[in-house]
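File shown: run.pdb. Contents: PDB, C-alpha atoms.
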```pdb
MODEL        1
ATOM      1  CA  MET A   1       0.000   0.000   0.000
ATOM      2  CA  VAL A   2       1.326   3.459  -0.895
ATOM      3  CA  TYR A   3       0.269   6.690   0.750
ATOM      4  CA  ASP A   4      -1.130   9.327  -1.568
ATOM      5  CA  PRO A   5       0.834  12.468  -0.600
ATOM      6  CA  THR A   6      -1.202  15.590   0.030
ATOM      7  CA  GLU A   7      -0.036  19.152  -0.580
ATOM      8  CA  ASP A   8       0.474  19.640   3.160
ATOM      9  CA  PHE A   9       2.609  16.503   3.251
ATOM     10  CA  LEU A  10       4.909  17.734   0.451
ATOM     11  CA  GLU A  11       5.289  21.158   2.043
ATOM     12  CA  ASN A  12       6.356  19.676   5.380
ATOM     13  CA  ILE A  13      10.175  19.569   5.281
ATOM     14  CA  LEU A  14      10.394  17.029   8.099
ATOM     15  CA  ARG A  15       8.131  14.585   6.280
ATOM     16  CA  LYS A  16       9.270  15.239   2.712
ATOM     17  CA  GLU A  17      11.901  12.483   2.634
ATOM     18  CA  ARG A  18       9.984  10.004   4.763
ATOM     19  CA  GLN A  19       9.136   6.760   3.001
ATOM     20  CA  ARG A  20       5.419   6.720   2.284
ATOM     21  CA  GLU A  21       5.141   3.070   1.345
ATOM     22  CA  LYS A  22       3.619   0.650   3.844
ATOM     23  CA  LEU A  23       4.172  -3.053   3.258
ATOM     24  CA  PHE A  24       2.140  -5.888   4.800
ATOM     25  CA  GLU A  25       2.771  -9.590   4.367
ATOM     26  CA  PHE A  26      -0.055 -12.127   4.423
ATOM     27  CA  ASP A  27      -0.461 -15.764   3.454
ATOM     28  CA  CYS A  28      -2.977 -14.978   0.686
ATOM     29  CA  CYS A  29      -4.367 -11.877  -1.003
ATOM     30  CA  PHE A  30      -7.502 -11.665  -3.158
ATOM     31  CA  ASP A  31      -8.865  -8.923  -5.383
ATOM     32  CA  GLU A  32     -12.504  -7.984  -5.938
ATOM     33  CA  PHE A  33     -12.840 -10.582  -8.715
ATOM     34  CA  ALA A  34     -11.940 -13.582  -6.546
ATOM     35  CA  ARG A  35     -14.718 -16.144  -6.296
ATOM     36  CA  GLN A  36     -15.960 -17.513  -2.991
ATOM     37  CA  GLU A  37     -14.768 -21.038  -3.858
ATOM     38  CA  MET A  38     -11.230 -19.743  -4.445
ATOM     39  CA  ILE A  39     -11.175 -17.961  -1.088
ATOM     40  CA  PHE A  40     -12.484 -21.086   0.649
ATOM     41  CA  ASP A  41      -9.912 -23.349  -1.028
ATOM     42  CA  LYS A  42      -6.992 -21.103  -0.043
ATOM     43  CA  THR A  43      -8.050 -20.220   3.508
ATOM     44  CA  VAL A  44     -10.509 -22.636   5.123
ATOM     45  CA  ARG A  45     -10.405 -26.021   3.358
ATOM     46  CA  PHE A  46      -7.296 -27.086   5.313
ATOM     47  CA  LEU A  47      -9.015 -25.916   8.509
ATOM     48  CA  VAL A  48     -11.925 -28.326   7.972
ATOM     49  CA  ASP A  49      -9.402 -31.116   7.265
ATOM     50  CA  SER A  50      -7.779 -30.270  10.618
ATOM     51  CA  VAL A  51     -11.132 -30.529  12.390
ATOM     52  CA  ILE A  52     -11.599 -34.007  10.874
ATOM     53  CA  GLU A  53      -8.160 -34.911  12.271
ATOM     54  CA  GLY A  54      -9.271 -33.832  15.757
ATOM     55  CA  TYR A  55      -7.996 -30.243  15.981
ATOM     56  CA  ASN A  56     -10.129 -27.239  16.893
ATOM     57  CA  GLY A  57     -10.453 -24.649  14.126
ATOM     58  CA  THR A  58     -11.635 -21.035  13.930
ATOM     59  CA  VAL A  59     -12.161 -18.636  11.046
ATOM     60  CA  PHE A  60     -13.353 -15.060  11.422
ATOM     61  CA  ALA A  61     -13.702 -12.035   9.157
ATOM     62  CA  TYR A  62     -12.600  -8.600  10.342
ATOM     63  CA  GLY A  63     -12.872  -5.179   8.720
ATOM     64  CA  ALA A  64     -14.671  -1.840   8.614
ATOM     65  CA  THR A  65     -18.433  -1.655   8.178
ATOM     66  CA  GLY A  66     -19.455  -2.202   4.557
ATOM     67  CA  ALA A  67     -16.165  -3.932   3.606
ATOM     68  CA  GLY A  68     -17.862  -7.235   2.717
ATOM     69  CA  LYS A  69     -17.414  -9.434   5.796
ATOM     70  CA  THR A  70     -20.932 -10.850   5.823
ATOM     71  CA  HIS A  71     -20.778 -11.486   2.067
ATOM     72  CA  THR A  72     -17.503 -13.374   2.562
ATOM     73  CA  MET A  73     -18.786 -15.456   5.482
ATOM     74  CA  MET A  74     -22.429 -15.979   4.475
ATOM     75  CA  GLY A  75     -22.650 -15.224   0.767
ATOM     76  CA  LYS A  76     -25.915 -15.694  -1.116
ATOM     77  CA  ASP A  77     -27.906 -18.691  -2.325
ATOM     78  CA  ALA A  78     -26.338 -18.444  -5.785
ATOM     79  CA  ASP A  79     -22.888 -17.582  -4.419
ATOM     80  CA  PRO A  80     -22.410 -19.229  -0.993
ATOM     81  CA  GLY A  81     -19.727 -17.939   1.367
ATOM     82  CA  ILE A  82     -17.257 -19.502   3.794
ATOM     83  CA  MET A  83     -19.843 -20.881   6.242
ATOM     84  CA  PRO A  84     -22.005 -22.808   3.725
ATOM     85  CA  LEU A  85     -18.953 -24.029   1.780
ATOM     86  CA  ALA A  86     -17.193 -25.222   4.959
ATOM     87  CA  LEU A  87     -20.289 -27.069   6.149
ATOM     88  CA  ALA A  88     -20.835 -28.698   2.739
ATOM     89  CA  TYR A  89     -17.182 -29.806   2.652
ATOM     90  CA  LEU A  90     -17.386 -31.172   6.209
ATOM     91  CA  PHE A  91     -20.352 -33.371   5.286
ATOM     92  CA  SER A  92     -18.668 -34.519   2.078
ATOM     93  CA  LYS A  93     -15.680 -35.685   4.170
ATOM     94  CA  LYS A  94     -18.091 -37.412   6.532
ATOM     95  CA  SER A  95     -19.763 -39.318   3.685
ATOM     96  CA  GLN A  96     -16.378 -40.451   2.334
ATOM     97  CA  SER A  97     -15.168 -41.824   5.670
ATOM     98  CA  GLN A  98     -15.327 -45.591   6.153
ATOM     99  CA  ASP A  99     -13.340 -45.795   9.376
ATOM    100  CA  ALA A 100     -15.478 -43.695  11.729
ATOM    101  CA  VAL A 101     -19.035 -42.803  12.675
ATOM    102  CA  TYR A 102     -19.681 -39.067  12.902
ATOM    103  CA  ASP A 103     -22.047 -37.076  15.081
ATOM    104  CA  ILE A 104     -22.302 -33.389  14.086
ATOM    105  CA  SER A 105     -24.144 -30.763  16.116
ATOM    106  CA  LEU A 106     -24.069 -26.983  16.090
ATOM    107  CA  SER A 107     -25.061 -23.800  17.866
ATOM    108  CA  TYR A 108     -25.556 -20.303  16.459
ATOM    109  CA  LEU A 109     -25.520 -17.123  18.533
ATOM    110  CA  GLU A 110     -25.011 -13.389  18.289
ATOM    111  CA  ILE A 111     -23.339 -10.900  20.622
ATOM    112  CA  TYR A 112     -25.482  -7.766  20.526
ATOM    113  CA  ASN A 113     -24.606  -4.829  22.800
ATOM    114  CA  GLU A 114     -22.461  -7.222  24.887
ATOM    115  CA  ASN A 115     -25.430  -9.553  25.366
ATOM    116  CA  ILE A 116     -25.614 -13.105  23.977
ATOM    117  CA  ARG A 117     -28.731 -14.232  22.108
ATOM    118  CA  ASP A 118     -29.517 -17.694  20.749
ATOM    119  CA  LEU A 119     -30.289 -17.303  17.024
ATOM    120  CA  LEU A 120     -31.732 -20.813  16.624
ATOM    121  CA  SER A 121     -34.322 -20.633  19.405
ATOM    122  CA  GLY A 122     -35.691 -17.273  18.233
ATOM    123  CA  LYS A 123     -36.110 -16.169  21.851
ATOM    124  CA  GLN A 124     -35.136 -12.642  22.863
ATOM    125  CA  GLU A 125     -33.726 -13.615  26.260
ATOM    126  CA  PHE A 126     -30.022 -13.110  26.989
ATOM    127  CA  LEU A 127     -27.711 -15.984  27.910
ATOM    128  CA  ASP A 128     -24.697 -16.164  30.234
ATOM    129  CA  LEU A 129     -21.145 -17.414  29.684
ATOM    130  CA  ARG A 130     -19.845 -20.141  31.980
ATOM    131  CA  GLU A 131     -16.411 -21.683  32.543
ATOM    132  CA  ASP A 132     -16.414 -25.477  32.222
ATOM    133  CA  THR A 133     -13.371 -27.458  33.361
ATOM    134  CA  SER A 134     -13.610 -29.923  30.467
ATOM    135  CA  ARG A 135     -15.191 -27.851  27.670
ATOM    136  CA  GLY A 136     -13.741 -24.422  28.424
ATOM    137  CA  VAL A 137     -16.010 -21.398  27.889
ATOM    138  CA  VAL A 138     -19.633 -22.418  27.197
ATOM    139  CA  VAL A 139     -22.925 -20.561  26.811
ATOM    140  CA  ALA A 140     -25.477 -21.661  29.394
ATOM    141  CA  GLY A 141     -28.870 -22.601  27.954
ATOM    142  CA  ILE A 142     -27.955 -22.337  24.270
ATOM    143  CA  THR A 143     -29.662 -24.572  21.709
ATOM    144  CA  TYR A 144     -27.640 -27.425  20.223
ATOM    145  CA  VAL A 145     -29.119 -29.043  17.110
ATOM    146  CA  SER A 146     -27.976 -32.270  15.486
ATOM    147  CA  ALA A 147     -27.494 -32.221  11.718
ATOM    148  CA  LYS A 148     -27.562 -35.174   9.319
ATOM    149  CA  SER A 149     -27.063 -33.403   5.972
ATOM    150  CA  PRO A 150     -25.621 -30.161   4.576
ATOM    151  CA  GLU A 151     -29.112 -29.075   3.508
ATOM    152  CA  GLU A 152     -30.303 -29.373   7.096
ATOM    153  CA  VAL A 153     -27.368 -27.300   8.338
ATOM    154  CA  LEU A 154     -27.981 -24.602   5.711
ATOM    155  CA  GLY A 155     -31.582 -24.482   6.884
ATOM    156  CA  PHE A 156     -30.406 -23.788  10.444
ATOM    157  CA  LEU A 157     -28.001 -21.146   9.126
ATOM    158  CA  SER A 158     -30.779 -19.416   7.182
ATOM    159  CA  LYS A 159     -33.096 -19.539  10.199
ATOM    160  CA  GLY A 160     -30.448 -17.982  12.429
ATOM    161  CA  ASN A 161     -29.630 -15.212   9.963
ATOM    162  CA  LYS A 162     -33.280 -14.134   9.905
ATOM    163  CA  ASN A 163     -33.090 -13.571  13.665
ATOM    164  CA  ARG A 164     -29.826 -11.609  13.517
ATOM    165  CA  SER A 165     -29.767  -7.877  14.306
ATOM    166  CA  GLN A 166     -29.316  -5.798  11.140
ATOM    167  CA  GLU A 167     -30.081  -2.116  10.595
ATOM    168  CA  ALA A 168     -29.351   0.572   8.011
ATOM    169  CA  THR A 169     -26.639   3.140   8.725
ATOM    170  CA  GLY A 170     -25.120   5.958   6.703
ATOM    171  CA  ALA A 171     -22.291   3.629   5.635
ATOM    172  CA  ASN A 172     -24.187   0.384   5.004
ATOM    173  CA  ALA A 173     -27.840  -0.255   4.184
ATOM    174  CA  VAL A 174     -27.749  -3.737   5.761
ATOM    175  CA  SER A 175     -25.178  -3.250   8.515
ATOM    176  CA  SER A 176     -24.713  -6.142  10.954
ATOM    177  CA  ARG A 177     -25.214  -4.776  14.466
ATOM    178  CA  SER A 178     -23.870  -7.863  16.207
ATOM    179  CA  HIS A 179     -21.110 -10.477  16.063
ATOM    180  CA  ALA A 180     -22.457 -13.821  14.783
ATOM    181  CA  VAL A 181     -20.785 -17.019  16.026
ATOM    182  CA  MET A 182     -21.565 -20.492  14.635
ATOM    183  CA  GLN A 183     -19.883 -23.401  16.415
ATOM    184  CA  VAL A 184     -19.912 -26.880  14.863
ATOM    185  CA  PHE A 185     -19.085 -29.786  17.184
ATOM    186  CA  VAL A 186     -17.726 -32.961  15.562
ATOM    187  CA  SER A 187     -17.630 -36.271  17.426
ATOM    188  CA  GLN A 188     -15.973 -39.310  15.817
ATOM    189  CA  ARG A 189     -16.013 -42.960  16.893
ATOM    190  CA  SER A 190     -13.692 -45.365  15.123
ATOM    191  CA  THR A 191     -15.216 -48.514  13.579
ATOM    192  CA  LYS A 192     -11.981 -50.375  12.861
ATOM    193  CA  GLY A 193      -9.540 -51.670  15.446
ATOM    194  CA  PRO A 194      -9.734 -50.491  19.069
ATOM    195  CA  THR A 195     -12.584 -48.065  19.699
ATOM    196  CA  THR A 196     -11.282 -44.509  19.911
ATOM    197  CA  TYR A 197     -13.041 -41.161  20.088
ATOM    198  CA  ARG A 198     -12.207 -37.751  18.695
ATOM    199  CA  PHE A 199     -13.883 -34.484  19.652
ATOM    200  CA  SER A 200     -13.252 -31.243  17.780
ATOM    201  CA  LYS A 201     -14.900 -27.889  17.196
ATOM    202  CA  LEU A 202     -15.119 -25.539  14.204
ATOM    203  CA  SER A 203     -15.993 -21.921  15.027
ATOM    204  CA  MET A 204     -17.010 -19.538  12.233
ATOM    205  CA  ILE A 205     -17.455 -15.884  13.182
ATOM    206  CA  ASP A 206     -18.834 -12.925  11.253
ATOM    207  CA  LEU A 207     -17.647  -9.899  13.242
ATOM    208  CA  ALA A 208     -19.596  -6.660  13.117
ATOM    209  CA  GLY A 209     -17.602  -3.915  11.419
ATOM    210  CA  SER A 210     -15.637  -1.223  13.192
ATOM    211  CA  GLU A 211     -17.210   2.158  12.508
ATOM    212  CA  ARG A 212     -16.957   5.863  13.192
ATOM    213  CA  ALA A 213     -20.091   7.736  14.208
ATOM    214  CA  ALA A 214     -19.080  10.703  12.032
ATOM    215  CA  ASP A 215     -18.962   8.492   8.926
ATOM    216  CA  THR A 216     -22.033   6.363   9.640
ATOM    217  CA  GLN A 217     -24.116   9.332  10.915
ATOM    218  CA  ASN A 218     -25.384   7.111  13.718
ATOM    219  CA  ARG A 219     -27.624   8.536  16.397
ATOM    220  CA  GLY A 220     -29.486   7.114  19.375
ATOM    221  CA  GLN A 221     -29.619   3.303  19.454
ATOM    222  CA  ARG A 222     -27.376   2.931  16.375
ATOM    223  CA  MET A 223     -24.671   4.968  18.135
ATOM    224  CA  ILE A 224     -24.931   2.783  21.255
ATOM    225  CA  GLU A 225     -24.612  -0.329  19.089
ATOM    226  CA  GLY A 226     -21.577   1.118  17.314
ATOM    227  CA  ALA A 227     -19.904   1.992  20.619
ATOM    228  CA  ASN A 228     -20.373  -1.566  21.921
ATOM    229  CA  ILE A 229     -19.084  -3.045  18.642
ATOM    230  CA  ASN A 230     -15.963  -0.877  18.791
ATOM    231  CA  ARG A 231     -15.439  -1.689  22.459
ATOM    232  CA  SER A 232     -15.461  -5.452  21.855
ATOM    233  CA  LEU A 233     -13.146  -5.087  18.838
ATOM    234  CA  LEU A 234     -10.795  -2.963  20.944
ATOM    235  CA  ALA A 235     -10.762  -5.709  23.587
ATOM    236  CA  LEU A 236      -9.942  -8.228  20.842
ATOM    237  CA  GLY A 237      -7.112  -5.992  19.646
ATOM    238  CA  ASN A 238      -5.725  -5.690  23.180
ATOM    239  CA  CYS A 239      -5.695  -9.487  23.565
ATOM    240  CA  ILE A 240      -3.898  -9.843  20.230
ATOM    241  CA  ASN A 241      -1.313  -7.243  21.299
ATOM    242  CA  SER A 242      -0.719  -9.066  24.591
ATOM    243  CA  LEU A 243      -0.271 -12.400  22.810
ATOM    244  CA  VAL A 244       2.107 -10.910  20.222
ATOM    245  CA  ASP A 245       4.267  -8.907  22.653
ATOM    246  CA  PRO A 246       7.005 -11.276  23.933
ATOM    247  CA  THR A 247       7.299  -9.246  27.148
ATOM    248  CA  LYS A 248       3.613  -9.855  27.936
ATOM    249  CA  ARG A 249       3.121 -13.342  26.526
ATOM    250  CA  SER A 250       3.781 -15.105  29.807
ATOM    251  CA  LYS A 251       1.632 -12.644  31.741
ATOM    252  CA  TYR A 252      -2.119 -12.418  32.184
ATOM    253  CA  VAL A 253      -4.137 -11.813  28.995
ATOM    254  CA  ASN A 254      -7.391 -10.030  29.802
ATOM    255  CA  TYR A 255     -10.003 -12.043  27.868
ATOM    256  CA  ARG A 256     -12.744 -10.883  30.259
ATOM    257  CA  ASP A 257     -13.000  -7.359  28.858
ATOM    258  CA  SER A 258     -15.611  -8.566  26.368
ATOM    259  CA  LYS A 259     -17.979 -11.482  25.731
ATOM    260  CA  LEU A 260     -16.360 -11.783  22.293
ATOM    261  CA  THR A 261     -12.837 -12.277  23.637
ATOM    262  CA  ARG A 262     -14.049 -14.781  26.229
ATOM    263  CA  LEU A 263     -15.630 -16.854  23.460
ATOM    264  CA  LEU A 264     -12.477 -16.572  21.337
ATOM    265  CA  LYS A 265     -10.112 -17.411  24.207
ATOM    266  CA  ASP A 266      -9.325 -20.917  22.903
ATOM    267  CA  SER A 267      -9.138 -19.669  19.313
ATOM    268  CA  LEU A 268      -6.515 -17.031  20.078
ATOM    269  CA  GLY A 269      -4.357 -18.546  22.774
ATOM    270  CA  GLY A 270      -5.439 -22.161  23.095
ATOM    271  CA  ASN A 271      -5.041 -25.421  21.187
ATOM    272  CA  CYS A 272      -6.625 -24.218  17.977
ATOM    273  CA  ARG A 273      -5.818 -23.471  14.340
ATOM    274  CA  THR A 274      -7.159 -20.043  13.431
ATOM    275  CA  VAL A 275      -7.656 -18.128  10.174
ATOM    276  CA  MET A 276      -8.357 -14.393  10.089
ATOM    277  CA  ILE A 277      -9.817 -12.914   6.896
ATOM    278  CA  ALA A 278      -9.259  -9.156   6.640
ATOM    279  CA  ASN A 279     -11.831  -7.398   4.449
ATOM    280  CA  ILE A 280     -10.819  -3.995   3.092
ATOM    281  CA  SER A 281     -12.590  -1.463   0.892
ATOM    282  CA  PRO A 282     -10.914   0.087  -2.185
ATOM    283  CA  ALA A 283     -12.708   3.377  -1.525
ATOM    284  CA  SER A 284     -10.404   6.310  -0.737
ATOM    285  CA  SER A 285     -12.880   7.478   1.901
ATOM    286  CA  HIS A 286     -12.084   4.266   3.842
ATOM    287  CA  PHE A 287      -8.329   4.801   3.745
ATOM    288  CA  GLU A 288      -7.896   5.067   7.527
ATOM    289  CA  GLU A 289     -10.121   2.041   8.195
ATOM    290  CA  THR A 290      -8.214   0.050   5.565
ATOM    291  CA  MET A 291      -4.880   0.870   7.181
ATOM    292  CA  ASN A 292      -6.178  -0.025  10.632
ATOM    293  CA  THR A 293      -7.537  -3.351   9.354
ATOM    294  CA  LEU A 294      -4.220  -4.271   7.721
ATOM    295  CA  LYS A 295      -2.278  -3.381  10.881
ATOM    296  CA  TYR A 296      -4.745  -5.394  12.959
ATOM    297  CA  ALA A 297      -4.389  -8.456  10.731
ATOM    298  CA  SER A 298      -0.626  -8.114  10.570
ATOM    299  CA  ARG A 299      -0.393  -8.203  14.368
ATOM    300  CA  ALA A 300      -2.756 -11.181  14.563
ATOM    301  CA  ALA A 301      -0.568 -13.122  12.116
ATOM    302  CA  SER A 302       2.319 -12.819  14.590
ATOM    303  CA  ILE A 303       0.585 -14.743  17.383
TER     304      ILE A 303
ENDMDL
END
```
When written as structure tokens, how does the structure in this file appear?
Amino acid sequence: MVYDPTEDFLENILRKERQREKLFEFDCCFDEFARQEMIFDKTVRFLVDSVIEGYNGTVFAYGATGAGKTHTMMGKDADPGIMPLALAYLFSKKSQSQDAVYDISLSYLEIYNENIRDLLSGKQEFLDLREDTSRGVVVAGITYVSAKSPEEVLGFLSKGNKNRSQEATGANAVSSRSHAVMQVFVSQRSTKGPTTYRFSKLSMIDLAGSERAADTQNRGQRMIEGANINRSLLALGNCINSLVDPTKRSKYVNYRDSKLTRLLKDSLGGNCRTVMIANISPASSHFEETMNTLKYASRAASI
């Protein structure tokens, strides 16, 4: 990325010779013409293979509001995103297996204004986070549904998305006002040789976009939502900074600043393989948000 120098920049003697180019290194980069299948193949396919092997996996999309996170994660019926493609691939691997019996269940929730809602039950009540000695951080009272086919899972996904909080803002006509978290639990029992069990989890997260009230023209409830979104993303950034900084790595990482970071505790610092997809906008008006997103992702890659 190269800064576009302004007249003030060129007139400033102290800054005139400063290098304006900013370089970021990532595992993969995609332009606006990349198809969803290509993004899935390069970023998430190996993650699903890892879940089959017994590892925990997490993929989440981060970026400014309107940058295309929900399109990347959810997609459309004619152009499915990461979530539908990952679920379809998981079931295809299940059908090909002859050495194990699979049991697949899932939950789907949203974090709205720092409150957790179950998207599959359709109820408006808020749920609490609990610490479990064997399962880690769990949501008390959430609905777990068993799935036998990819079509059944996509039906649950569609049902949950209808219950998700979305509102129009000045920056996005269908802005997500909450973080959506789908967790798929895979249990395997071997059918050949000694009976063994494998338990793994795939978490897929569509984060709400960071936003500035001046750009989105938010007022009232929309402003409150935006403040809570930014607060949880700031807490996520602080956890990433603590995990990256070698002087702080052995010290306490404050996951309790946000419900989001508590849910992502295992994904960030635990026994888990994690993929972060950074969505950026080519619009010049989003220059600052684009730079912040790239810096955020660059730090996360160093964990």
Taking the file as shown, find all residues satisfying the PyMOL selection byres ((chain A and resi 153) around 10) and write them as a count of residues only. 22
Restricting the calculation to only C-alpha atoms, which member of A:Leu236, A:Val59, A:Leu207, A:Leu268 is positioned closest to Gln183 in chain A?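 Result for the nearest residue to Gln183 in chain A: A:Val59.
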Neighbours of Gly270 in chain A within 10 Å (only C-alpha atoms; same-chain residues fewer than 5 positions away dropped), as a PyMOL selection string? chain A and resi 56+264-265
Output C-alpha atoms of each residue in that selection to a file, as a tab-separated table (two decimals), in the coordinates of the input.
```
chain	number	residue	atom	x	y	z
A	56	ASN	CA	-10.13	-27.24	16.89
A	264	LEU	CA	-12.48	-16.57	21.34
A	265	LYS	CA	-10.11	-17.41	24.21
```
Can you give me, as a PyMOL selection string, the residues this file yields under the PyMOL selection byres ((chain A and resi 180) around 7)? chain A and resi 109-111+178-179+181-182+205-207
Surrounding residues of Val44 in chain A excluding itself and chain neighbours under 3 positions, 12 Å, only C-alpha atoms, as number ranges by chain: A: 28, 36-41, 47-51, 57-61, 72-73, 81-87, 89-90, 202-204, 273-277
Between A:Arg198, A:Asn292, A:Tyr55, A:Lys123, which residue has the minimum interatomic distance to Asp266 in chain A, considering only C-alpha atoms?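 For Asp266 in chain A, the nearest of the candidates is A:Tyr55.
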Could you expand the PyMOL selection byres ((chain A and resi 297) around 9) into the explicit residues it covers here, written as number ranges by chain? A: 26, 62, 276-278, 292-296, 298-302
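Here CA of Glu53 in chain A and CA of Thr133 in chain A stand 23.0 Å from one another.
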Grab the CA of Lys259 in chain A to CA of Ile280 in chain A distance for me, in Å with one decimal place. 24.9 Å
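Going from CA of Glu289 in chain A to CA of Gly209 in chain A covers 10.1 Å.
Checking A:Thr65, A:Asn113, A:Ser242, A:Thr70 one by one against Asn228 in chain A, counting all atoms listed in the file, you find the shortest gap at A:Asn113.
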Of the listed residues A:Lys42, A:Ala67, A:Arg117, A:Ile52, that which approaches Ala283 in chain A most closely, counting all atoms listed in the file: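 Residue with the minimum atom-to-atom distance to Ala283 in chain A: A:Ala67.
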So that all listed atoms of range 278-297 of chain A fit with 3 Å spare on each side, what axis-aligned box centre and edge lengths in Å, to one decimal, would you give as lines of an AutoDock Vina configuration file?
```
center_x = -7.6
center_y = -0.8
center_z = 5.4
size_x = 16.6
size_y = 22.6
size_z = 21.1
```
Could you tell me which of A:Asn161, A:Gln98, A:Gln188, A:Gln124 comes closest to Lys76 in chain A if we count all atoms listed in the file?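 Among the listed residues, A:Asn161 lies closest to Lys76 in chain A.
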Residues near Asn163 in chain A, anyone? I mean within 8 Å using all atoms listed in the file, not counting same-chain ones fewer than 2 positions away, as a list in words. Leu119, Leu120, Gly122, Lys159, Gly160, Asn161 and Ser165 of chain A
Complete range 222-235 of chain A at the level of N, CA, C and O atoms, written as a short mmCIF file (atom, residue, chain, number, x, y, z; two decimals), in the frame of the given file.
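Saved result, out_38.cif, follows:
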```
data_model
loop_
_atom_site.label_atom_id
_atom_site.label_comp_id
_atom_site.auth_asym_id
_atom_site.auth_seq_id
_atom_site.Cartn_x
_atom_site.Cartn_y
_atom_site.Cartn_z
N ARG A 222 -28.45 3.34 17.30
CA ARG A 222 -27.38 2.93 16.38
C ARG A 222 -26.01 3.35 16.92
O ARG A 222 -25.02 2.62 16.77
N MET A 223 -25.94 4.52 17.57
CA MET A 223 -24.67 4.97 18.14
C MET A 223 -24.25 4.08 19.30
O MET A 223 -23.08 3.75 19.46
N ILE A 224 -25.22 3.68 20.14
CA ILE A 224 -24.93 2.78 21.26
C ILE A 224 -24.41 1.45 20.74
O ILE A 224 -23.44 0.89 21.25
N GLU A 225 -25.06 0.93 19.69
CA GLU A 225 -24.61 -0.33 19.09
C GLU A 225 -23.18 -0.20 18.57
O GLU A 225 -22.34 -1.08 18.79
N GLY A 226 -22.91 0.90 17.86
CA GLY A 226 -21.58 1.12 17.31
C GLY A 226 -20.52 1.21 18.39
O GLY A 226 -19.40 0.68 18.24
N ALA A 227 -20.86 1.87 19.51
CA ALA A 227 -19.90 1.99 20.62
C ALA A 227 -19.58 0.62 21.22
O ALA A 227 -18.42 0.32 21.54
N ASN A 228 -20.60 -0.23 21.37
CA ASN A 228 -20.37 -1.57 21.92
C ASN A 228 -19.59 -2.45 20.96
O ASN A 228 -18.77 -3.27 21.38
N ILE A 229 -19.85 -2.30 19.65
CA ILE A 229 -19.08 -3.04 18.64
C ILE A 229 -17.61 -2.66 18.72
O ILE A 229 -16.72 -3.52 18.77
N ASN A 230 -17.35 -1.35 18.74
CA ASN A 230 -15.96 -0.88 18.79
C ASN A 230 -15.27 -1.29 20.09
O ASN A 230 -14.08 -1.60 20.09
N ARG A 231 -16.03 -1.30 21.18
CA ARG A 231 -15.44 -1.69 22.46
C ARG A 231 -15.00 -3.15 22.44
O ARG A 231 -13.89 -3.48 22.93
N SER A 232 -15.83 -4.03 21.89
CA SER A 232 -15.46 -5.45 21.86
C SER A 232 -14.30 -5.69 20.89
O SER A 232 -13.43 -6.53 21.16
N LEU A 233 -14.26 -4.94 19.78
CA LEU A 233 -13.15 -5.09 18.84
C LEU A 233 -11.85 -4.54 19.43
O LEU A 233 -10.76 -5.07 19.17
N LEU A 234 -11.97 -3.49 20.25
CA LEU A 234 -10.80 -2.96 20.94
C LEU A 234 -10.26 -4.00 21.94
O LEU A 234 -9.05 -4.20 22.05
N ALA A 235 -11.17 -4.66 22.65
CA ALA A 235 -10.76 -5.71 23.59
C ALA A 235 -10.07 -6.84 22.85
O ALA A 235 -9.06 -7.40 23.33
#
```
